[in-house]
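Engineer: One structure follows; several queries about it will come next.
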Amino acid sequence: MEDWKEAFECEYDAIVLGTGMKECLISGLLSVEGKKVFHLDRNGYYGGASASLRLDDFYEKFRGKDAKIPECLGQKRDYNVDLIPKFIMASGLLVETLIHTDVARNMDFKPVDGSFVYRKGTIAQVPTTAGEAMTSPLMGVLEKGRIVQFFGWINNYDAKNPKTHKAGTFISKTLDLTKMTAKEFLAYWELDTDTKEFVTHACALYQDDAFLSSPASELVARIKLYKDSFLAFEGMKSPFIYPCYGLGELPQVFARLAAVYGGTYMLHRPIDEIVYEDGVAVGIEAEGVVARAKVIIGDPSYFPGKTRVTKTVVRAIAFLDHTIRGTDNAESCQIIFPQNQVGRQNDIYMFLCGYNHNVTAQGRYVCISSTVVEGIVEGMSTEEVAK
């Protein structure tokens, strides 16, 4: 009997479908806890929708098997192009998880060179310190004084220390962030509209203005995380780090962790259906063979009819031979185009990375713009939606 059929005949604690970041993380953690895990993917590579593809795989995915790769791009083996680009907050939960599980030692990370925001036709660095704020072109003289006080208060704020909750130079007021909304908190500081925009969208990284009704404590926590991430490692020019060879390394490192602890992996293994009994998923079936488990976990593509679309994201991917104007020749950076600056309901995120992070050939960069699709797009091509 073929090996894959023998693996299917076993019973597992968990079957995991798809090798995206979440699936591989769960698989790795379950295996470390001694659970018997069976992990499959219909694709021949790790990462699922969040994979990093070689140049030939990238062109085949979007242009077909016969697509010709421009010679000017160089060697295909030099490329690792993210399908879903994302820089990693250096003091965020993902980094804590990598350190806690000890898989970080099997990966190489480098700092990202810059974090920028677009305003009125200009790209500027996101200021997070008093010095940066005073020299930033994003604000006028009076506004710079207000933002310095704002950032100073946030730097000193400690949720457990009531003394740090007081604000105001001449008239002191205690700011209870658990009882204030984000809108009320921002109104207290009297920041102008453009300043509030870069603070909430470029520092707190909100993609729209729905956060305004949320507790102010959440807004402050996100800004503190952004600022604290600059101090996470030496040589940080932004709050972000990024793995060498692309984000696709993250699922693979957790997959290797699962394998070390006895997890069974299969790529190129599609399944025919999820097996249900009394409405509960109990196994998977492929070519008439059923594997059973106590828990079935998978990415949404494995559960047709069980999910619903809430948002759709459109991305434009370009290969460049230069850095982006206005970024001081940053070899890697994020640029945020706030919604109100570009007449949209959602922000546009631009990602640039290149040879220094081992994702392109030398002298080449991959630039990816992403945003949430707005309006009616039924019947439109991807290119039409992007425009």
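In the structure tokens, chains take the letters A, B, ... in the order shown, each chain's residues start at 1, and ligands count up from 1 in the order shown.
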So which bits of range 126-370 of chain A end up alpha helix (DSSP H) when you DSSP the backbone, as a ChimeraX atom specification?
Structural biologist: /A:130-135,141-156,182-189,193-198,216-228,249-260
Engineer: I need the strand (DSSP E) residues of range 155-381 of chain A per DSSP on the backbone, written as a PyMOL selection string.
Structural biologist: chain A and resi 166-167+173-174+240-243+264-266+273-277+280-286+289-298+313-320+333-337+348-354+365-372
Engineer: So that I can check the surroundings of Ile336 in chain A, please list as a PyMOL selection string every protein, DNA and RNA residue that reaches within 8 Å of it, counting only C-alpha atoms and ignoring chain neighbours fewer than 4 positions away.
Structural biologist: chain A and resi 116-118+201-202+347-350
Engineer: Between A:Gly18, A:Pro300, A:Gly121, A:Gly248, which one has atoms that come closest to Ala51 in chain A, using only C-alpha atoms?
Structural biologist: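 Distance minimum relative to Ala51 in chain A lands on A:Gly248.
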Engineer: Please provide as a list in words all residues within 6 Å of Ala14 in chain A, with the sequence filter that same-chain residues fewer than 4 positions apart are discarded (counting only C-alpha atoms).
Structural biologist: Val37, Ala293, Lys294, Val295 and Ile296 of chain A
Engineer: Excluding Glu23 in chain A and its own-chain neighbours fewer than 3 positions away, which residues fall within 9 Å of it when counting only C-alpha atoms? Please give them as an NGL selection string.
Structural biologist: :A and (16-20 or 26-28 or 39 or 251 or 297-299)
Engineer: For range 170-175 of chain A, please output as number ranges by chain all residues within 12 Å (counting only C-alpha atoms; exclusion window: fewer than 5 positions along the same chain).
Structural biologist: A: 153-154, 157-159, 161-165, 180-182, 184-189, 215-217, 220
Engineer: For each of A:Asp56, A:Glu285, A:Asp176, A:Asp113, take the minimum atom-to-atom distance to Ile241 in chain A, counting only C-alpha atoms, then give the residue where this is smallest.
Structural biologist: A:Asp113
Engineer: Considering only C-alpha atoms, return as a PyMOL selection string whatever protein or nucleic-acid residues lie within 7 Å of range 371-383 of chain A, sequence-local ones (same chain, fewer than 2 positions apart) excluded.
Structural biologist: chain A and resi 311-315+346-349+385-387
Engineer: Those same residues, written as a PDB file, in the first residue's frame with N, CA and C atoms?
Structural biologist:
```
ATOM      1  N   LYS A 311     -14.395  40.783   3.790  1.00  0.00           N
ATOM      2  CA  LYS A 311     -13.627  41.786   3.050  1.00  0.00           C
ATOM      3  C   LYS A 311     -12.810  41.101   1.975  1.00  0.00           C
ATOM      4  N   THR A 312     -12.479  41.866   0.950  1.00  0.00           N
ATOM      5  CA  THR A 312     -11.604  41.382  -0.101  1.00  0.00           C
ATOM      6  C   THR A 312     -10.437  42.350  -0.240  1.00  0.00           C
ATOM      7  N   VAL A 313      -9.228  41.806  -0.360  1.00  0.00           N
ATOM      8  CA  VAL A 313      -8.032  42.629  -0.475  1.00  0.00           C
ATOM      9  C   VAL A 313      -7.489  42.541  -1.896  1.00  0.00           C
ATOM     10  N   VAL A 314      -7.090  43.666  -2.455  1.00  0.00           N
ATOM     11  CA  VAL A 314      -6.464  43.693  -3.774  1.00  0.00           C
ATOM     12  C   VAL A 314      -5.019  44.136  -3.597  1.00  0.00           C
ATOM     13  N   ARG A 315      -4.105  43.517  -4.341  1.00  0.00           N
ATOM     14  CA  ARG A 315      -2.684  43.844  -4.263  1.00  0.00           C
ATOM     15  C   ARG A 315      -2.111  44.077  -5.655  1.00  0.00           C
ATOM     16  N   ASN A 346     -10.507  53.062   3.336  1.00  0.00           N
ATOM     17  CA  ASN A 346      -9.474  52.225   3.939  1.00  0.00           C
ATOM     18  C   ASN A 346      -8.099  52.691   3.467  1.00  0.00           C
ATOM     19  N   ASP A 347      -7.109  52.501   4.326  1.00  0.00           N
ATOM     20  CA  ASP A 347      -5.741  52.899   3.995  1.00  0.00           C
ATOM     21  C   ASP A 347      -5.152  52.005   2.907  1.00  0.00           C
ATOM     22  N   ILE A 348      -4.114  52.524   2.254  1.00  0.00           N
ATOM     23  CA  ILE A 348      -3.299  51.744   1.325  1.00  0.00           C
ATOM     24  C   ILE A 348      -1.942  51.517   1.987  1.00  0.00           C
ATOM     25  N   TYR A 349      -1.483  50.273   1.984  1.00  0.00           N
ATOM     26  CA  TYR A 349      -0.182  49.933   2.543  1.00  0.00           C
ATOM     27  C   TYR A 349       0.776  49.603   1.403  1.00  0.00           C
ATOM     28  N   VAL A 385      -9.965  46.234 -10.773  1.00  0.00           N
ATOM     29  CA  VAL A 385     -10.210  46.504  -9.365  1.00  0.00           C
ATOM     30  C   VAL A 385      -9.047  47.307  -8.774  1.00  0.00           C
ATOM     31  N   ALA A 386      -7.829  46.917  -9.135  1.00  0.00           N
ATOM     32  CA  ALA A 386      -6.639  47.591  -8.600  1.00  0.00           C
ATOM     33  C   ALA A 386      -6.595  49.046  -9.027  1.00  0.00           C
ATOM     34  N   LYS A 387      -7.011  49.332 -10.246  1.00  0.00           N
ATOM     35  CA  LYS A 387      -6.996  50.720 -10.728  1.00  0.00           C
ATOM     36  C   LYS A 387      -8.049  51.553 -10.021  1.00  0.00           C
TER      37      LYS A 387
END
```
Engineer: Counting only C-alpha atoms, which residue out of A:Asp278, A:Asn356, A:Lys224, A:Asp41 sits closest to Asn156 in chain A?
Structural biologist: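 Closest candidate: A:Lys224.
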Engineer: So which one's closest to Cys72 in chain A, A:Arg325, A:Lys35, A:Lys110, A:Arg364? Using only C-alpha atoms, please.
Structural biologist: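 Of all the options, A:Arg364 lies closest to Cys72 in chain A.
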Engineer: In terms of the shortest atom-to-atom distance over only C-alpha atoms, which of A:Glu9, A:Glu132, A:Asp82, A:Glu249 is closest to Ala49 in chain A?
Structural biologist: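 Once distances to Ala49 in chain A are computed over only C-alpha atoms, the minimum belongs to A:Asp82.
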